[in-house]
>>> print(open('upload_32.cif').read())   # mmCIF, C-alpha atoms
data_data
#
loop_
_atom_site.label_atom_id
_atom_site.label_comp_id
_atom_site.auth_asym_id
_atom_site.auth_seq_id
_atom_site.Cartn_x
_atom_site.Cartn_y
_atom_site.Cartn_z
CA MET A 1 155.71 72.44 62.41
CA GLN A 2 152.28 71.12 63.38
CA ILE A 3 149.86 73.14 61.27
CA SER A 4 146.26 73.30 62.43
CA ILE A 5 143.59 73.96 59.77
CA VAL A 6 140.15 74.55 61.29
CA THR A 7 137.12 74.55 59.00
CA ILE A 8 134.03 76.08 60.57
CA ILE A 9 130.72 75.20 58.90
CA ASP A 10 127.24 76.63 59.50
CA VAL A 11 125.66 73.23 58.88
CA GLU A 12 122.02 74.38 59.02
CA ALA A 13 122.60 77.22 56.50
CA ALA A 14 124.63 74.94 54.22
CA LEU A 15 121.78 72.42 54.13
CA ILE A 16 119.23 75.19 53.48
CA GLU A 17 121.24 76.85 50.71
CA GLY A 18 122.76 73.65 49.31
CA THR A 19 126.28 75.05 49.27
CA LEU A 20 129.30 75.71 51.48
CA ASP A 21 129.76 79.16 49.85
CA ASN A 22 129.38 81.76 52.63
CA ASN A 23 128.73 78.89 55.02
CA ALA A 24 132.22 77.46 55.52
CA TYR A 25 135.37 79.26 56.60
CA VAL A 26 138.96 78.08 56.91
CA VAL A 27 141.19 79.39 59.70
CA ASP A 28 144.73 78.24 60.36
CA ASN A 29 147.75 79.04 62.53
CA THR A 30 150.12 79.95 59.68
CA GLN A 31 148.99 83.39 58.58
CA ASN A 32 151.86 85.06 60.43
CA PHE A 33 154.08 83.59 57.70
CA ALA A 34 152.00 84.87 54.79
CA VAL A 35 153.73 87.19 52.36
CA PRO A 36 151.63 90.37 51.98
CA GLY A 37 149.90 90.32 48.62
CA GLY A 38 151.25 86.83 48.01
CA THR A 39 147.95 85.01 47.66
CA SER A 40 145.06 86.54 45.79
CA GLY A 41 141.59 85.75 47.04
CA GLY A 42 140.99 83.24 49.82
CA LEU A 43 143.28 82.05 52.58
CA SER A 44 146.09 79.66 51.65
CA THR A 45 147.76 77.66 54.40
CA GLN A 46 151.42 78.69 54.53
CA VAL A 47 153.75 75.71 54.84
CA ILE A 48 157.35 76.52 55.64
CA GLY A 49 159.86 74.10 54.17
CA VAL A 50 162.83 74.44 56.50
CA HIS A 51 166.03 73.30 54.80
CA ASN A 52 169.72 73.06 55.62
CA ALA A 53 172.42 75.00 53.78
CA ASP A 54 172.98 72.01 51.49
CA GLY A 55 169.31 71.98 50.49
CA SER A 56 168.34 68.88 52.47
CA GLN A 57 165.10 68.93 54.48
CA ALA A 58 165.69 70.08 58.05
CA ALA A 59 162.22 69.78 59.62
CA GLU A 60 158.82 68.21 58.96
CA ALA A 61 155.63 70.07 58.15
CA VAL A 62 152.45 68.30 59.21
CA LEU A 63 148.92 69.45 58.39
CA ASN A 64 146.06 68.65 60.82
CA TRP A 65 142.46 69.31 59.80
CA ILE A 66 139.77 69.89 62.41
CA THR A 67 136.29 70.44 61.02
CA VAL A 68 133.58 71.75 63.35
CA GLY A 69 130.04 73.07 63.12
CA VAL A 70 129.15 76.57 64.32
CA SER A 71 126.43 74.98 66.47
CA GLY A 72 126.60 71.96 68.73
CA VAL A 73 128.95 71.12 71.54
CA PRO A 74 132.61 72.11 71.05
CA ASN A 75 135.34 69.64 70.11
CA THR A 76 137.12 70.31 73.41
CA LEU A 77 134.76 68.05 75.35
CA PRO A 78 135.86 64.60 76.53
CA ARG A 79 134.91 61.59 74.43
CA ALA A 80 132.43 60.23 76.97
CA PHE A 81 130.34 63.40 76.79
CA HIS A 82 128.98 62.37 73.41
CA HIS A 83 127.42 59.28 75.01
CA ARG A 84 125.41 61.22 77.57
CA HIS A 85 122.02 60.53 76.09
CA ARG A 86 122.57 56.98 75.01
CA ALA A 87 121.04 53.71 76.16
CA ALA A 88 122.99 53.21 79.39
CA GLU A 89 122.14 56.64 80.73
CA SER A 90 118.49 56.41 79.62
CA ASN A 91 118.12 52.99 81.25
CA ALA A 92 119.69 54.27 84.45
CA ARG A 93 117.17 57.11 84.56
CA LEU A 94 114.30 54.71 83.87
CA LEU A 95 115.48 52.40 86.67
CA THR A 96 115.58 55.31 89.11
CA ALA A 97 112.02 56.29 88.15
CA VAL A 98 110.77 52.68 88.44
CA LYS A 99 112.32 52.28 91.91
CA ALA A 100 110.55 55.45 93.05
CA ALA A 101 107.14 54.33 91.65
CA ARG A 102 104.53 53.44 94.28
CA THR A 103 102.11 51.10 92.47
CA PRO A 104 102.24 48.36 89.81
CA ASN A 105 100.15 50.63 87.55
CA ALA A 106 102.67 53.43 87.87
CA ILE A 107 105.49 51.04 86.97
CA ALA A 108 103.57 49.70 83.97
CA LYS A 109 102.97 53.26 82.81
CA LEU A 110 106.67 54.14 83.05
CA LEU A 111 107.74 51.02 81.17
CA GLY A 112 105.12 51.51 78.48
CA ASP A 113 105.79 55.20 78.05
CA HIS A 114 107.52 55.43 74.67
CA GLU A 115 107.03 59.19 74.35
CA GLY A 116 108.11 60.30 77.82
CA GLY A 117 111.78 60.17 77.03
CA HIS A 118 112.58 57.30 79.36
CA ARG A 119 113.05 54.88 76.48
CA ALA A 120 116.50 54.79 74.91
CA PRO A 121 116.65 57.55 72.30
CA SER A 122 117.82 56.47 68.88
CA LEU A 123 118.86 57.91 65.56
CA HIS A 124 118.16 56.25 62.23
CA VAL A 125 121.05 57.07 59.94
CA ARG A 126 121.57 56.11 56.33
CA ASN A 127 125.26 55.64 55.63
CA ARG A 128 126.97 56.41 52.34
CA ASP A 129 126.46 52.82 51.15
CA GLY A 130 122.70 53.32 51.42
CA GLU A 131 122.17 51.08 54.46
CA VAL A 132 120.06 52.31 57.37
CA ARG A 133 121.54 51.81 60.82
CA THR A 134 120.01 52.56 64.20
CA LEU A 135 122.36 54.37 66.56
CA HIS A 136 121.72 54.74 70.26
CA GLY A 137 121.67 58.35 71.27
CA THR A 138 120.18 61.60 70.07
CA VAL A 139 121.19 65.01 68.76
CA MET A 140 122.74 67.31 71.37
CA ASN A 141 122.36 71.06 71.08
CA SER A 142 125.07 73.57 72.05
CA HIS A 143 124.06 73.15 75.72
CA GLY A 144 124.60 69.40 75.61
CA ASP A 145 120.84 68.84 75.98
CA PRO A 146 118.77 66.63 73.64
CA VAL A 147 116.98 68.63 70.95
CA ASP A 148 113.17 68.78 71.03
CA LYS A 149 112.65 67.72 67.44
CA PHE A 150 114.61 66.56 64.43
CA ASP A 151 114.46 69.57 62.10
CA LEU A 152 117.09 71.56 60.18
CA ALA A 153 117.92 73.60 63.28
CA ALA A 154 118.68 70.30 65.06
CA ALA A 155 120.78 69.20 62.06
CA GLY A 156 122.96 72.25 62.68
CA ASN A 157 124.25 70.55 65.84
CA LEU A 158 125.52 67.38 64.17
CA PRO A 159 129.26 67.66 63.46
CA PRO A 160 130.43 67.71 59.84
CA VAL A 161 132.45 64.64 58.82
CA VAL A 162 135.39 64.92 56.41
CA THR A 163 135.39 61.84 54.20
CA ASN A 164 138.15 62.57 51.68
CA ILE A 165 140.99 64.95 50.88
CA TYR A 166 142.13 64.90 47.25
CA GLY A 167 143.06 67.01 44.24
CA PRO A 168 146.26 68.28 42.58
CA ALA A 169 148.13 68.70 45.86
CA VAL A 170 147.62 64.98 46.55
CA ASP A 171 148.03 63.75 42.95
CA GLN A 172 151.33 65.60 42.60
CA GLY A 173 152.72 64.16 45.80
CA VAL A 174 152.84 67.47 47.65
CA MET A 175 150.81 66.19 50.61
CA TYR A 176 149.99 62.71 51.86
CA PRO A 177 146.68 62.80 53.77
CA ALA A 178 145.11 60.05 55.84
CA LEU A 179 142.47 59.62 58.54
CA TYR A 180 143.94 59.13 62.01
CA GLY A 181 142.69 58.30 65.49
CA SER A 182 144.25 60.47 68.12
CA PRO A 183 145.86 58.67 71.04
CA ASP A 184 144.28 61.34 73.23
CA VAL A 185 141.55 59.41 75.03
CA TYR A 186 140.06 62.57 76.49
CA THR A 187 138.64 64.17 73.35
CA GLU A 188 136.95 62.64 70.33
CA GLY A 189 139.96 61.51 68.36
CA TRP A 190 139.26 61.20 64.62
CA TYR A 191 140.94 63.75 62.38
CA TRP A 192 142.73 64.04 59.04
CA SER A 193 146.46 64.66 58.93
CA ALA A 194 149.04 64.91 56.16
CA SER A 195 152.79 65.22 55.83
CA VAL A 196 154.09 67.62 53.19
CA ASP A 197 156.89 67.28 50.64
CA THR A 198 158.30 70.74 51.25
CA SER A 199 160.66 70.59 48.26
CA LYS A 200 157.63 71.32 46.07
CA VAL A 201 157.56 75.10 46.47
CA GLY A 202 154.48 77.00 45.32
CA ARG A 203 150.71 77.05 45.67
CA HIS A 204 148.89 73.71 45.52
CA VAL A 205 145.12 73.29 45.43
CA TYR A 206 143.21 70.47 47.17
CA SER A 207 139.58 69.56 47.78
CA MET A 208 137.86 68.19 50.85
CA ASP A 209 134.61 66.19 50.83
CA VAL A 210 132.50 67.00 53.89
CA VAL A 211 129.37 65.03 54.80
CA LEU A 212 126.49 66.86 56.50
CA HIS A 213 123.47 64.90 57.74
CA GLU A 214 119.96 66.06 56.92
CA PRO A 215 116.69 64.86 58.53
CA VAL A 216 114.21 63.35 56.05
CA GLU A 217 110.71 61.95 56.79
CA GLU A 218 110.49 58.36 55.61
CA LYS A 219 107.97 55.66 56.57
CA GLY A 220 106.73 57.67 59.54
CA ARG A 221 110.13 58.19 61.12
CA VAL A 222 112.98 60.66 60.73
CA LEU A 223 115.93 59.31 58.76
CA TRP A 224 119.28 61.14 58.81
CA VAL A 225 120.65 61.17 55.27
CA PRO A 226 124.23 62.07 54.30
CA ARG A 227 124.83 64.90 51.84
CA THR A 228 128.33 65.46 50.52
CA PHE A 229 129.63 68.98 50.04
CA THR A 230 133.02 69.94 48.59
CA GLN A 231 135.37 72.59 49.91
CA THR A 232 138.39 73.72 47.87
CA SER A 233 141.45 75.16 49.60
CA SER A 234 145.16 75.46 49.00
CA ILE A 235 148.56 75.27 50.67
CA THR A 236 151.51 77.48 49.73
CA VAL A 237 154.92 75.93 50.29
CA ILE A 238 157.70 78.40 50.92
CA LYS A 239 161.33 77.72 51.68
CA ALA A 240 163.23 78.93 54.72
CA LEU A 241 166.82 78.33 55.71
CA ASN A 242 167.30 76.60 59.04
CA VAL A 243 168.86 79.22 61.30
CA ASN A 244 169.93 79.29 64.92
CA GLY A 245 167.15 81.21 66.66
CA PHE A 246 169.57 82.81 69.15
CA THR A 247 172.23 84.06 66.76
CA GLY A 248 170.52 84.23 63.36
CA CYS A 249 173.41 82.29 61.85
CA VAL A 250 173.05 79.12 59.83
CA ALA A 251 172.01 76.25 62.08
CA PRO A 252 173.10 74.59 64.26
CA GLY A 253 175.96 76.89 65.28
CA LEU A 254 176.91 77.66 68.85
CA LEU A 255 174.83 79.22 71.59
CA PRO A 256 175.79 82.83 72.40
CA MET A 257 177.47 82.03 75.73
CA ALA A 258 181.04 82.89 76.74
CA PRO A 259 182.91 79.66 77.56
CA ALA A 260 183.47 79.29 81.33
CA ALA A 261 187.12 79.17 82.52
CA SER A 262 186.74 75.96 84.46
CA ILE A 263 183.58 73.93 84.88
CA TYR A 264 183.82 70.29 85.72
CA ALA A 265 181.26 67.71 86.65
CA GLY A 266 180.34 67.92 90.32
CA GLY A 267 182.50 70.97 90.90
CA ALA A 268 181.46 74.38 92.21
CA LEU A 269 181.42 77.36 89.81
CA MET B 1 113.00 81.35 69.76
CA ARG B 2 116.27 80.36 68.24
CA GLN B 3 119.29 78.98 69.99
CA ILE B 4 122.13 81.08 68.57
CA THR B 5 125.66 79.75 69.02
CA ILE B 6 128.56 82.19 68.72
CA ARG B 7 131.70 80.18 68.06
CA LEU B 8 134.93 81.95 69.05
CA VAL B 9 137.94 80.50 67.22
CA VAL B 10 141.15 81.85 68.70
CA ASP B 11 144.85 81.50 67.78
CA VAL B 12 146.12 81.19 71.35
CA VAL B 13 149.84 81.15 70.52
CA SER B 14 149.64 84.30 68.37
CA VAL B 15 147.71 86.19 71.06
CA LEU B 16 150.27 85.25 73.70
CA GLU B 17 153.07 86.36 71.36
CA THR B 18 151.52 89.72 70.42
CA GLU B 19 149.51 90.46 73.62
CA THR B 20 146.47 91.34 71.50
CA LEU B 21 143.43 89.53 70.13
CA ALA B 22 143.40 91.73 67.02
CA GLY B 23 143.89 89.54 63.98
CA HIS B 24 143.79 86.35 66.04
CA LEU B 25 140.11 86.01 66.93
CA PHE B 26 137.63 84.64 64.39
CA MET B 27 133.96 84.78 65.33
CA PHE B 28 131.08 82.83 63.76
CA ASP B 29 127.39 82.42 64.48
CA ASN B 30 124.56 80.33 63.03
CA ASN B 31 122.23 83.26 62.29
CA ARG B 32 123.51 84.66 58.99
CA LEU B 33 120.22 83.85 57.28
CA HIS B 34 118.40 86.03 59.84
CA GLY B 35 120.72 89.01 59.47
CA SER B 36 124.11 88.34 61.12
CA ARG B 37 127.06 90.04 59.37
CA ASP B 38 130.86 89.87 59.25
CA GLN B 39 131.39 86.15 59.87
CA ASN B 40 135.04 85.15 60.32
CA THR B 41 136.07 88.47 61.84
CA SER B 42 136.54 89.89 65.33
CA HIS B 43 133.70 92.34 64.66
CA LEU B 44 130.92 89.81 64.15
CA ALA B 45 127.46 91.38 64.35
CA THR B 46 125.08 88.68 65.58
CA ALA B 47 121.42 89.13 64.71
CA VAL B 48 119.14 88.39 67.66
CA ALA B 49 115.45 88.70 68.51
CA PRO B 50 113.80 88.90 71.96
CA GLY B 51 113.54 85.40 73.41
CA ASP B 52 116.54 84.02 71.52
CA GLN B 53 119.10 82.21 73.61
CA ILE B 54 122.75 83.05 72.88
CA ILE B 55 125.56 80.60 73.63
CA TRP B 56 129.20 81.74 73.50
CA SER B 57 131.61 78.83 72.91
CA VAL B 58 135.41 78.88 72.52
CA VAL B 59 137.45 76.68 70.14
CA PRO B 60 141.26 77.06 70.12
CA ILE B 61 142.88 76.66 66.68
CA GLU B 62 145.46 74.34 68.23
CA CYS B 63 143.46 71.81 70.21
CA GLU B 64 146.18 71.36 72.85
CA ALA B 65 146.05 75.04 73.81
CA TYR B 66 143.84 76.18 76.69
CA ALA B 67 141.27 78.85 75.87
CA ALA B 68 138.14 79.87 77.76
CA LEU B 69 135.90 82.89 78.26
CA SER B 70 136.16 84.53 81.66
CA ALA B 71 133.74 87.39 80.98
CA VAL B 72 131.05 88.54 78.55
CA ASP B 73 130.50 92.27 79.06
CA VAL B 74 127.02 93.15 77.78
CA PRO B 75 124.39 95.36 79.48
CA ALA B 76 122.17 93.19 81.67
CA GLU B 77 119.02 95.06 80.62
CA PHE B 78 119.42 93.49 77.18
CA VAL B 79 121.02 90.11 77.97
CA GLU B 80 121.76 88.71 81.40
CA VAL B 81 124.71 86.38 80.96
CA THR B 82 125.80 83.42 83.08
CA LYS B 83 128.74 81.07 82.94
CA ASN B 84 127.95 77.36 82.60
CA THR B 85 129.95 74.17 82.59
CA TYR B 86 129.19 71.02 80.59
CA PRO B 87 128.28 68.39 83.22
CA GLY B 88 131.16 66.18 84.26
CA THR B 89 133.76 68.30 82.46
CA ASN B 90 135.86 71.42 83.03
CA VAL B 91 134.77 72.94 79.72
CA SER B 92 132.78 76.13 80.21
CA TYR B 93 130.53 78.29 78.06
CA TRP B 94 128.38 81.41 78.54
CA THR B 95 124.67 81.82 77.88
CA GLY B 96 122.08 84.59 77.98
CA VAL B 97 118.52 85.18 76.84
CA VAL B 98 117.74 88.33 74.84
CA LYS B 99 115.20 90.36 76.83
CA LYS B 100 114.29 93.08 74.30
CA PRO B 101 115.33 94.47 70.89
CA VAL B 102 119.04 95.31 71.04
CA GLY B 103 119.40 97.90 68.25
CA ASP B 104 123.15 97.93 67.67
CA LEU B 105 124.91 96.87 70.85
CA SER B 106 128.69 96.54 71.25
CA TYR B 107 129.90 94.04 73.81
CA GLY B 108 133.24 92.93 75.19
CA LEU B 109 134.81 89.51 75.67
CA THR B 110 137.61 88.54 78.05
CA PHE B 111 139.52 85.33 77.40
CA GLU B 112 141.73 83.13 79.57
CA LEU B 113 144.50 81.97 77.23
CA GLY B 114 147.22 79.44 77.88
CA THR B 115 146.51 79.44 81.60
CA LYS B 116 143.62 80.51 83.82
CA THR B 117 145.54 83.52 85.10
CA LYS B 118 146.42 85.06 81.71
CA THR B 119 143.51 87.16 80.43
CA VAL B 120 143.16 89.27 77.29
CA SER B 121 140.11 91.33 76.32
CA THR B 122 138.66 92.49 73.03
CA ASP B 123 138.13 96.20 72.26
CA ARG B 124 134.35 95.61 72.28
CA THR B 125 134.53 95.01 68.55
CA SER B 126 131.72 92.43 68.46
CA ARG B 127 128.06 93.43 68.37
CA LEU B 128 124.51 92.23 68.79
CA ILE B 129 122.06 93.64 66.23
CA ASP B 130 118.33 93.24 65.63
CA ALA B 131 117.46 90.20 63.52
CA ASN B 132 115.52 90.65 60.28
CA GLY B 133 111.99 91.73 61.13
CA VAL B 134 112.72 92.86 64.69
CA GLN B 135 111.46 96.37 65.32
CA ARG B 136 112.42 98.46 68.29
CA SER B 137 109.35 100.09 69.81
CA SER B 138 108.96 103.86 69.34
CA LYS B 139 109.27 104.28 73.13
CA GLU B 140 112.72 102.69 73.15
CA THR B 141 113.77 104.68 70.07
CA SER B 142 112.87 108.00 71.75
CA GLU B 143 114.71 106.99 74.95
CA THR B 144 117.83 106.31 72.88
CA SER B 145 117.51 109.70 71.17
CA GLU B 146 117.34 111.46 74.53
CA THR B 147 120.43 109.64 75.77
CA ALA B 148 122.34 110.51 72.61
CA ALA B 149 121.33 114.19 72.70
#
>>> encode(input="upload_32.cif", output="structure tokens")
Amino acid sequence: MQISIVTIIDVEAALIEGTLDNNAYVVDNTQNFAVPGGTSGGLSTQVIGVHNADGSQAAEAVLNWITVGVSGVPNTLPRAFHHRHRAAESNARLLTAVKAARTPNAIAKLLGDHEGGHRAPSLHVRNRDGEVRTLHGTVMNSHGDPVDKFDLAAAGNLPPVVTNIYGPAVDQGVMYPALYGSPDVYTEGWYWSASVDTSKVGRHVYSMDVVLHEPVEEKGRVLWVPRTFTQTSSITVIKALNVNGFTGCVAPGLLPMAPAASIYAGGAL
Amino acid sequence: MRQITIRLVVDVVSVLETETLAGHLFMFDNNRLHGSRDQNTSHLATAVAPGDQIIWSVVPIECEAYAALSAVDVPAEFVEVTKNTYPGTNVSYWTGVVKKPVGDLSYGLTFELGTKTKTVSTDRTSRLIDANGVQRSSKETSETSETAA
């Protein structure tokens, strides 16, 4: 089963309070399988280990993590949407304005106007190695429009980035996580996924490092600085016998259809 | 004037199986520090002040599943809502500006799930409430009392 684990983070509040407590929530598509009273406290992702009568594994369980901010554009947008405010689009707008200008002075003013928004917007971002890189583009709010200023409210629109998944569930070989690029060219494709060793029944804890970016004034410009937060969650592996969904008998079995008297290829019933 | 995003996380498959949003809709907003309550439930109470812009945005738990909002049912005297589309895409969202203090206002949501023709509505479990520091005027309070009487 493809299990989807969505973590929703109020990025602005997390940066203000310095914690993911009360600012991050985990929702998944497995709670229909939860045993009432089975897990005390927070949500545990239920992973069903489907096995054959002889105990061998009958199906795979795959975990997929999607981590989104409460603010900002949704993850359902096509990949190209995130480039809307980058250099190519800004230059195209500047060219249109220059073509429409009537006098050399007007053109000079447009080209020299660094504040008017015609210049390519850029973000200065410090990566986790401490290097500062300049990225073309700007911060988009939930409308898809550029934000007015780089403050904590603007930071709320930058998506959280999961940088590591680790802990006992990984150390004990229960799950095998890795960062993947989705072949889906329509939406932004990076996500974490893991296969699960479903023979290891029980509750297994894991941690997730999530990077949020915070605006900091440095040398007269705004620098976006990464801050790592940690979220702890768990999976609960339960066993289920592979059964025929039509008959309830041990799989594979037969379909509940009366055999026809005479059916042959190409013949009429 | 804050831009308040209400993120609607929905388990599309479970809703289609059970024909109800109850237990399968998880609502979040970015205004907890100004008074919002009940994050991660279907009865989110979003704190708003006059002038705030609200954006309703849908995220399906399984990213392959189709989910969108077809209606936001809130009295227009408080918030006039419109449906928008991100330019160049078929992804929609709803917006509205808060015109005056809301008090405690229930509102309904109708979703398109799986396909455009399959719609399911909430039981008006979600609310808009006044943000910290927002006072309703005494005139509005007395009007409400008369209506309730």
>>> interface_residues(input="upload_32.cif", of="chain A", to="chain B", cutoff="7 Å", atoms="all atoms listed in the file", output="MDAnalysis selection string")
chainID A and resid 4 6 10 25 28:29 70:71 74 77 142 144
>>> write_last_selection(input="upload_32.cif", atoms="C-alpha atoms", output="PDB file, in the coordinates of the input")
ATOM      1  CA  SER A   4     146.260  73.300  62.430  1.00  0.00           C
ATOM      2  CA  VAL A   6     140.150  74.550  61.290  1.00  0.00           C
ATOM      3  CA  ASP A  10     127.240  76.630  59.500  1.00  0.00           C
ATOM      4  CA  TYR A  25     135.370  79.260  56.600  1.00  0.00           C
ATOM      5  CA  ASP A  28     144.730  78.240  60.360  1.00  0.00           C
ATOM      6  CA  ASN A  29     147.750  79.040  62.530  1.00  0.00           C
ATOM      7  CA  VAL A  70     129.150  76.570  64.320  1.00  0.00           C
ATOM      8  CA  SER A  71     126.430  74.980  66.470  1.00  0.00           C
ATOM      9  CA  PRO A  74     132.610  72.110  71.050  1.00  0.00           C
ATOM     10  CA  LEU A  77     134.760  68.050  75.350  1.00  0.00           C
ATOM     11  CA  SER A 142     125.070  73.570  72.050  1.00  0.00           C
ATOM     12  CA  GLY A 144     124.600  69.400  75.610  1.00  0.00           C
TER      13      GLY A 144
END
>>> atom_distance(input="upload_32.cif", atom1="atom CA of Pro215 of chain A", atom2="atom CA of His34 of chain B")
21.3 Å
>>> atom_distance(input="upload_32.cif", atom1="atom CA of Lys83 of chain B", atom2="atom CA of Ala13 of chain A")
27.4 Å
>>> resolve_selection(input="upload_32.cif", expression="the PyMOL selection byres ((chain B and resi 74-81) around 6)", output="count of residues only")
9
>>> residues_around(input="upload_32.cif", residues="Ile8 of chain A", least_positions_apart="4", cutoff="8 Å", atoms="all atoms listed in the file", output="count of residues only")
8
>>> residues_around(input="upload_32.cif", residues="Glu218 of chain A", least_positions_apart="6", cutoff="12 Å", atoms="only C-alpha atoms", output="ChimeraX atom specification")
/A:124-126,132,224-225
>>> atom_distance(input="upload_32.cif", atom1="atom CA of Ser233 of chain A", atom2="atom CA of His204 of chain A")
8.6 Å
>>> residues_around(input="upload_32.cif", residues="Gly253 of chain A", least_positions_apart="4", cutoff="12 Å", atoms="all atoms listed in the file", output="ChimeraX atom specification")
/A:242-249,257
>>> resolve_selection(input="upload_32.cif", expression="the PyMOL selection byres ((chain B and resi 35) around 9)", output="JSON, numbers by chain")
{"B": [31, 32, 33, 34, 36, 37, 45, 46, 47, 48, 129, 130, 131, 132]}
>>> resolve_selection(input="upload_32.cif", expression="the PyMOL selection byres ((chain A and resi 159-167) around 7)", output="PyMOL selection string")
chain A and resi 67-69+157-158+168-171+177+205-212
>>> closest_residue(input="upload_32.cif", among="B:Thr41, B:Gln135, B:Thr18, B:Thr117", to="Pro101 of chain B", atoms="all atoms listed in the file")
B:Gln135
>>> residues_around(input="upload_32.cif", residues="His82 of chain A", least_positions_apart="2", cutoff="9 Å", atoms="all atoms listed in the file", output="MDAnalysis selection string")
chainID A and resid 73 77:80 84:86 137 140 144 188
>>> closest_residue(input="upload_32.cif", among="A:Val147, A:Ile66, A:Met1, A:Ala14", to="Trp192 of chain A", atoms="all atoms listed in the file")
A:Ile66
>>> closest_residue(input="upload_32.cif", among="A:Val139, A:Leu179, A:Leu94, A:Leu20", to="Arg227 of chain A", atoms="only C-alpha atoms")
A:Leu20
>>> closest_residue(input="upload_32.cif", among="A:His213, A:Arg93, A:His51, A:His143", to="Ile238 of chain A", atoms="all atoms listed in the file")
A:His51
>>> closest_residue(input="upload_32.cif", among="B:Leu44, B:Leu21, B:Met1, B:Ala49", to="Val134 of chain B", atoms="all atoms listed in the file")
B:Ala49
>>> closest_residue(input="upload_32.cif", among="B:Gly103, B:Asp52, B:Thr20, B:Ala71", to="Arg136 of chain B", atoms="only C-alpha atoms")
B:Gly103
